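Presented below is the structure to which this report refers.
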2 protein chains.
Amino acid sequence: MSMRRAERLNRLQSTLDAGGYLRLKDAAHLLGVSEMTVRRDIASCGGRFAYLGGYIAGGPESAGGMGYILDRERDAHIEMKRAACDAAATLLKPGETVFIDCGTTTTHLASRIPAESRITVVCYAMNIAEIVCRKPGVRVVMLGGLYHASSASFSSPESLEMLRGIGINTAFISAGGVHESLGISCSNFHEVEIKQTAIANAVTKALVVDSSKFGQVKPAFFAKLDSFDFLCCDDGLESARAERLAAAGVHVVPA
Amino acid sequence: MSMRRAERLNRLQSTLDAGGYLRLKDAAHLLGVSEMTVRRDIASCGGRFAYLGGYIAGGPESAGGMGYILDRERDAHIEMKRAACDAAATLLKPGETVFIDCGTTTTHLASRIPAESRITVVCYAMNIAEIVCRKPGVRVVMLGGLYHASSASFSSPESLEMLRGIGINTAFISAGGVHESLGISCSNFHEVEIKQTAIANAVTKALVVDSSKFGQVKPAFFAKLDSFDFLCCDDGLESARAERLAAAGVHVVPA
DNA sequence: GTTGCGATGTTAACATCCTAACATTTTCTG
DNA sequence: CAGAAAATGTTAGGATGTTAACATCGCAAC
């Protein structure tokens, strides 16, 4: 690839990274070349840019770099996740402070938060922050630290310290596996302390998972089922299981 | 607007918030309606979605919610900012740890970081994090806290504490105003402590500003010019000014 | 029921985009 | 400087997206 092409691609990238989209002809004008050359540039580095009908957008790996995982999972259980978050959204109340866990499920809950609800959101994942930071009437507290691409989340001792100082009305916790006797688990060990602290600091604790997670086990256990007040789930939950949950004091929120 | 339309828009939004784009026909299939209805849905809530040639993308207000400011500024000094960051990028070295300040200038520097450079980036702004978190070979440390939409950045006492524990090879600091006698200033008071701590913890201190910032003053002063080792700027700097800077011990990096 | 209205689907004309082939310019090399 | 190769520009035709007008459906009020 020639120097000029590489330079053009760099300029394109830094323009697009700043956010938004670019008309093909605007890009051509910006770079001082013809539209055809821009097309060829983009084609030459396949995947670095998303090319949609006359527009150029940033790479397809948006949402904090876990694009691949996200795409795979999207096709899988997206409708169930959305249903689970529909249930969870009924627990949102204006003016309250909520903790939103990381993962691909809770993004649906984040987008359900009304823009003008004066809700305070505490989070520690890029994909959640990207959604809630755009809402003008939502106050956001981000727990920072070292980035973990596997879940697009951050962790650090100082963040835990910060979280301990925050009063939470409702903690919305996600999980990779829910096992009735073994407990609730996730894939990443660094999430354990954060989830546990959020649960400890919250008045109301809500588990947000789709029904495919039941019976599953992931490497990092972080809580038992009876730690939660509510289970927000799609309607795929077996009735026998729902009854055992109710007996354990976990209220199943209808989707 | 009907209930069904509102519901469709919600489903669209939560699908798109998760990241990426949607083909119009995929969206139509997902929602179980015709393409034309999807078009009408999107048109009915103008601005909530970006509609580009056959694809649907999330709202135009990307980049941490400061879309408006960003767009205004983009037209203004984007080429100068890019040039300033070209200069700054020459100071990047593989394996090192860098601090990247918030603002619309430093995004260009962030996108210049090679994906496989094994660089560690310390940042505290959404628009910077969105860029660097996508690069697999870049380690990211995010300083969290309360979100400030004006600069898409976070601040908190705990983050300052975290920053104090991080050794920085090069701190890339941006500014809203650079005045030779009064000093260097920015628009947001919460940034002051972070910038000062980053400067204090860095071996090399680089000021990254375009030449339009010279002579300007913003409400929050945070440093003097001679605190910096390098000035990364576009080539619009008057030679008399450059000479005075050199005399003060600030090396002007050629763009 | 049926009448009316809004929502949705369908079609066709139109505009735009995309691709490939070829023409031109630039760059590199001997 | 000549020649070749790469890069870029131009054009044209097919593919795709867009819009407007009209047809149909579903629901609610009378």
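By convention here, the chains of the structure tokens are called A, B, ... in the order presented, each chain's residues are numbered starting at 1, and ligands are numbered starting at 1 in the order presented.
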Inset, instruction - Find the residues around region 29-41 of chain A up to 12 Å (only C-alpha atoms (C1' of nucleotides) counted), leave out those fewer than 2 positions away in its own chain, and share them as a PyMOL selection string. - result: (chain A and resi 1-13+15+22-27+43-56) or (chain B and resi 75+78-79) or (chain C and resi 17-20) or (chain D and resi 7-11)
Inset, instruction - May I ask you to extract the residues of chain D within 12 Å of chain B, using only C-alpha atoms (C1' of nucleotides), and to give them as a list in words? - result: DT16, DG17, DT18, DT19 and DA20 of chain D
Please save N, CA and C atoms (P, O5', C5', C4', C3', O3' and C1' of nucleotides) of the selected residues as a CSV table (one decimal), in the first residue's frame.
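After the write, again-v9.csv holds the following:
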chain,number,residue,atom,x,y,z
D,16,DT,P,-28.7,-5.9,-6.1
D,16,DT,O5',-29.0,-4.5,-5.3
D,16,DT,C5',-27.9,-3.7,-4.9
D,16,DT,C4',-28.4,-2.4,-4.4
D,16,DT,C3',-29.6,-2.5,-3.5
D,16,DT,O3',-29.3,-1.9,-2.2
D,16,DT,C1',-29.9,-0.8,-5.2
D,17,DG,P,-30.3,-1.8,-1.1
D,17,DG,O5',-30.7,-0.3,-1.2
D,17,DG,C5',-29.6,0.6,-1.0
D,17,DG,C4',-30.1,2.1,-1.2
D,17,DG,C3',-31.2,2.5,-0.2
D,17,DG,O3',-31.0,3.8,0.2
D,17,DG,C1',-32.0,2.6,-2.4
D,18,DT,P,-31.9,4.6,1.2
D,18,DT,O5',-33.0,5.3,0.2
D,18,DT,C5',-32.6,6.5,-0.5
D,18,DT,C4',-33.8,7.1,-1.2
D,18,DT,C3',-34.9,7.5,-0.2
D,18,DT,O3',-35.1,8.9,-0.3
D,18,DT,C1',-35.7,6.4,-2.2
D,19,DT,P,-36.0,9.6,0.8
D,19,DT,O5',-37.3,10.0,0.0
D,19,DT,C5',-37.2,10.5,-1.4
D,19,DT,C4',-38.4,10.3,-2.1
D,19,DT,C3',-39.7,10.7,-1.4
D,19,DT,O3',-40.3,11.8,-1.9
D,19,DT,C1',-39.9,8.7,-2.7
D,20,DA,P,-41.5,12.6,-1.2
D,20,DA,O5',-42.7,12.1,-2.1
D,20,DA,C5',-42.6,12.2,-3.5
D,20,DA,C4',-43.7,11.5,-4.2
D,20,DA,C3',-45.1,11.7,-3.6
D,20,DA,O3',-46.0,12.0,-4.7
D,20,DA,C1',-44.7,9.4,-3.7
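Taken over all Cα atoms in order, the superposition of chain A onto chain B returns an RMSD of 0.2 Å.
Here CA of Leu207 (chain B) stands at a distance of 16.6 Å from CA of Ile128 (chain B).
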Inset, instruction - When you get a sec, could you note down which chain A residues fall within 8 Å of chain B, using only C-alpha atoms, as JSON, numbers by chain? - result: {"A": [10, 11, 13, 14, 15, 17, 18, 19, 20, 52, 53, 54, 55, 60, 61, 62, 63, 64, 65, 66, 67, 70, 82, 104, 107, 108, 111, 112, 126, 127, 130, 131, 133, 134, 135, 136, 139, 140, 141, 142, 143, 144, 145, 146, 147, 149, 154, 158, 159, 161, 162]}
Legend entry - DSSP-assigned strand (DSSP E) members of region 29-252 of chain B, reported as JSON, numbers by chain: {"B": [50, 51, 52, 55, 56, 57, 97, 98, 99, 100, 120, 121, 122, 123, 139, 140, 141, 142, 145, 146, 147, 148, 153, 154, 155, 168, 169, 170, 171, 172, 173, 177, 178, 179, 183, 184, 185, 186, 202, 203, 204, 205, 206, 207, 208, 220, 221, 222, 223, 230, 231, 232, 251, 252]}
Legend entry - DSSP-assigned helix (DSSP H, G or I) among region 33-247 of chain A, expressed as a ChimeraX atom specification: /A:35-44,67-89,106-112,126-132,157-164,190-201,211-213,225-227,239-247
With C-alpha atoms retained, write the just-selected residues as a PDB file, in the first residue's frame.
ATOM      1  CA  GLU A  35     -14.863   9.121  -4.823  1.00  0.00           C
ATOM      2  CA  MET A  36     -13.517   6.111  -6.655  1.00  0.00           C
ATOM      3  CA  THR A  37     -10.175   6.416  -4.923  1.00  0.00           C
ATOM      4  CA  VAL A  38     -11.859   6.560  -1.547  1.00  0.00           C
ATOM      5  CA  ARG A  39     -13.770   3.433  -2.436  1.00  0.00           C
ATOM      6  CA  ARG A  40     -10.550   1.691  -3.377  1.00  0.00           C
ATOM      7  CA  ASP A  41      -8.843   2.861  -0.210  1.00  0.00           C
ATOM      8  CA  ILE A  42     -11.603   1.446   1.926  1.00  0.00           C
ATOM      9  CA  ALA A  43     -11.696  -1.800  -0.018  1.00  0.00           C
ATOM     10  CA  SER A  44      -7.931  -2.204   0.362  1.00  0.00           C
ATOM     11  CA  GLY A  67     -17.874  -6.718  18.624  1.00  0.00           C
ATOM     12  CA  TYR A  68     -17.294 -10.312  17.695  1.00  0.00           C
ATOM     13  CA  ILE A  69     -18.692 -11.842  20.816  1.00  0.00           C
ATOM     14  CA  LEU A  70     -21.522  -9.412  20.615  1.00  0.00           C
ATOM     15  CA  ASP A  71     -22.479 -10.342  17.089  1.00  0.00           C
ATOM     16  CA  ARG A  72     -22.464 -14.028  17.839  1.00  0.00           C
ATOM     17  CA  GLU A  73     -24.594 -13.622  20.878  1.00  0.00           C
ATOM     18  CA  ARG A  74     -26.904 -11.172  19.216  1.00  0.00           C
ATOM     19  CA  ASP A  75     -28.301 -13.722  16.892  1.00  0.00           C
ATOM     20  CA  ALA A  76     -28.640 -16.211  19.689  1.00  0.00           C
ATOM     21  CA  HIS A  77     -30.723 -14.873  22.524  1.00  0.00           C
ATOM     22  CA  ILE A  78     -31.405 -11.279  21.701  1.00  0.00           C
ATOM     23  CA  GLU A  79     -35.161 -11.541  21.975  1.00  0.00           C
ATOM     24  CA  MET A  80     -34.954 -13.286  25.326  1.00  0.00           C
ATOM     25  CA  LYS A  81     -32.545 -10.684  26.628  1.00  0.00           C
ATOM     26  CA  ARG A  82     -34.783  -7.912  25.523  1.00  0.00           C
ATOM     27  CA  ALA A  83     -37.726  -9.540  27.256  1.00  0.00           C
ATOM     28  CA  ALA A  84     -35.708  -9.939  30.456  1.00  0.00           C
ATOM     29  CA  CYS A  85     -34.830  -6.245  30.320  1.00  0.00           C
ATOM     30  CA  ASP A  86     -38.429  -5.282  29.666  1.00  0.00           C
ATOM     31  CA  ALA A  87     -39.152  -6.894  33.004  1.00  0.00           C
ATOM     32  CA  ALA A  88     -36.192  -5.196  34.668  1.00  0.00           C
ATOM     33  CA  ALA A  89     -37.223  -1.798  33.296  1.00  0.00           C
ATOM     34  CA  THR A 106     -27.913  -5.200  30.376  1.00  0.00           C
ATOM     35  CA  THR A 107     -27.414  -2.977  27.329  1.00  0.00           C
ATOM     36  CA  HIS A 108     -31.097  -3.465  26.612  1.00  0.00           C
ATOM     37  CA  LEU A 109     -31.945  -2.224  30.072  1.00  0.00           C
ATOM     38  CA  ALA A 110     -29.677   0.778  29.627  1.00  0.00           C
ATOM     39  CA  SER A 111     -31.447   1.800  26.435  1.00  0.00           C
ATOM     40  CA  ARG A 112     -34.781   1.484  28.202  1.00  0.00           C
ATOM     41  CA  MET A 126     -17.980   0.576  28.018  1.00  0.00           C
ATOM     42  CA  ASN A 127     -21.083  -0.664  26.268  1.00  0.00           C
ATOM     43  CA  ILE A 128     -23.311   0.490  29.113  1.00  0.00           C
ATOM     44  CA  ALA A 129     -21.546   3.833  29.456  1.00  0.00           C
ATOM     45  CA  GLU A 130     -21.820   4.491  25.740  1.00  0.00           C
ATOM     46  CA  ILE A 131     -25.583   4.248  25.992  1.00  0.00           C
ATOM     47  CA  VAL A 132     -26.292   6.127  29.198  1.00  0.00           C
ATOM     48  CA  PRO A 157      -9.267  -1.383  43.807  1.00  0.00           C
ATOM     49  CA  GLU A 158     -10.045   2.338  43.744  1.00  0.00           C
ATOM     50  CA  SER A 159     -13.274   1.706  41.863  1.00  0.00           C
ATOM     51  CA  LEU A 160     -14.383  -0.762  44.495  1.00  0.00           C
ATOM     52  CA  GLU A 161     -13.649   1.909  47.058  1.00  0.00           C
ATOM     53  CA  MET A 162     -15.766   4.366  45.098  1.00  0.00           C
ATOM     54  CA  LEU A 163     -18.590   1.872  44.802  1.00  0.00           C
ATOM     55  CA  ARG A 164     -18.581   1.303  48.543  1.00  0.00           C
ATOM     56  CA  HIS A 190     -12.502  -9.491  38.072  1.00  0.00           C
ATOM     57  CA  GLU A 191     -16.265  -8.936  38.013  1.00  0.00           C
ATOM     58  CA  VAL A 192     -16.882 -10.910  41.185  1.00  0.00           C
ATOM     59  CA  GLU A 193     -15.887  -8.269  43.725  1.00  0.00           C
ATOM     60  CA  ILE A 194     -17.734  -5.539  41.859  1.00  0.00           C
ATOM     61  CA  LYS A 195     -20.956  -7.507  41.635  1.00  0.00           C
ATOM     62  CA  GLN A 196     -20.734  -8.516  45.286  1.00  0.00           C
ATOM     63  CA  THR A 197     -20.107  -4.947  46.409  1.00  0.00           C
ATOM     64  CA  ALA A 198     -22.988  -3.644  44.313  1.00  0.00           C
ATOM     65  CA  ILE A 199     -25.280  -6.293  45.778  1.00  0.00           C
ATOM     66  CA  ALA A 200     -24.126  -5.452  49.288  1.00  0.00           C
ATOM     67  CA  ASN A 201     -24.747  -1.729  48.778  1.00  0.00           C
ATOM     68  CA  SER A 211     -33.941 -18.240  30.686  1.00  0.00           C
ATOM     69  CA  SER A 212     -31.160 -19.895  28.680  1.00  0.00           C
ATOM     70  CA  LYS A 213     -28.787 -19.176  31.568  1.00  0.00           C
ATOM     71  CA  LEU A 225     -30.023 -17.162  44.228  1.00  0.00           C
ATOM     72  CA  ASP A 226     -31.594 -16.100  47.505  1.00  0.00           C
ATOM     73  CA  SER A 227     -29.355 -13.011  47.580  1.00  0.00           C
ATOM     74  CA  SER A 239     -43.070 -23.172  36.099  1.00  0.00           C
ATOM     75  CA  ALA A 240     -41.554 -25.712  38.486  1.00  0.00           C
ATOM     76  CA  ARG A 241     -38.402 -23.650  38.613  1.00  0.00           C
ATOM     77  CA  ALA A 242     -40.366 -20.450  39.119  1.00  0.00           C
ATOM     78  CA  GLU A 243     -42.149 -22.024  42.076  1.00  0.00           C
ATOM     79  CA  ARG A 244     -38.895 -23.081  43.716  1.00  0.00           C
ATOM     80  CA  LEU A 245     -37.621 -19.536  43.236  1.00  0.00           C
ATOM     81  CA  ALA A 246     -40.709 -18.054  44.826  1.00  0.00           C
ATOM     82  CA  ALA A 247     -40.240 -20.430  47.746  1.00  0.00           C
TER      83      ALA A 247
END
Legend entry - Non-local contacts of Gly103 (chain A) (8 Å; only C-alpha atoms (C1' of nucleotides); under 6 positions in same chain excluded) as a PyMOL selection string: chain A and resi 125+151-152+174
Inset, instruction - Rounded to one decimal place, report the CA of Glu116 (chain A)-CA of Asp234 (chain A) distance in Å. - result: 26.6 Å
Inset, instruction - Excluding DA6 (chain D) and residues on its chain fewer than 4 positions from it, collect all residues at most 9 Å away from it, counting only C-alpha atoms (C1' of nucleotides), and give them as an MDAnalysis selection string. - result: chainID C and resid 26:28
Inset, instruction - Within 9 Å of chain B, which residues of chain C are there when counting only C-alpha atoms (C1' of nucleotides)? Please give them as JSON, numbers by chain. - result: {"C": [7, 8, 9, 17]}
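For the pair CA of Ala206 (chain B) and CA of Phe172 (chain B), the separation is 5.0 Å.
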Legend entry - Spatial neighbours of DC30 (chain D), 12 Å, only C-alpha atoms (C1' of nucleotides), chain gap at least 4 places, as a list in words: DG1, DT2, DT3 and DG4 of chain C
Legend entry - Neighbour list for Ala202 (chain A) as a ChimeraX atom specification, cut-off 8 Å, only C-alpha atoms (C1' of nucleotides), skip fewer than 3 positions in-chain: /A:167-171,198-199,205
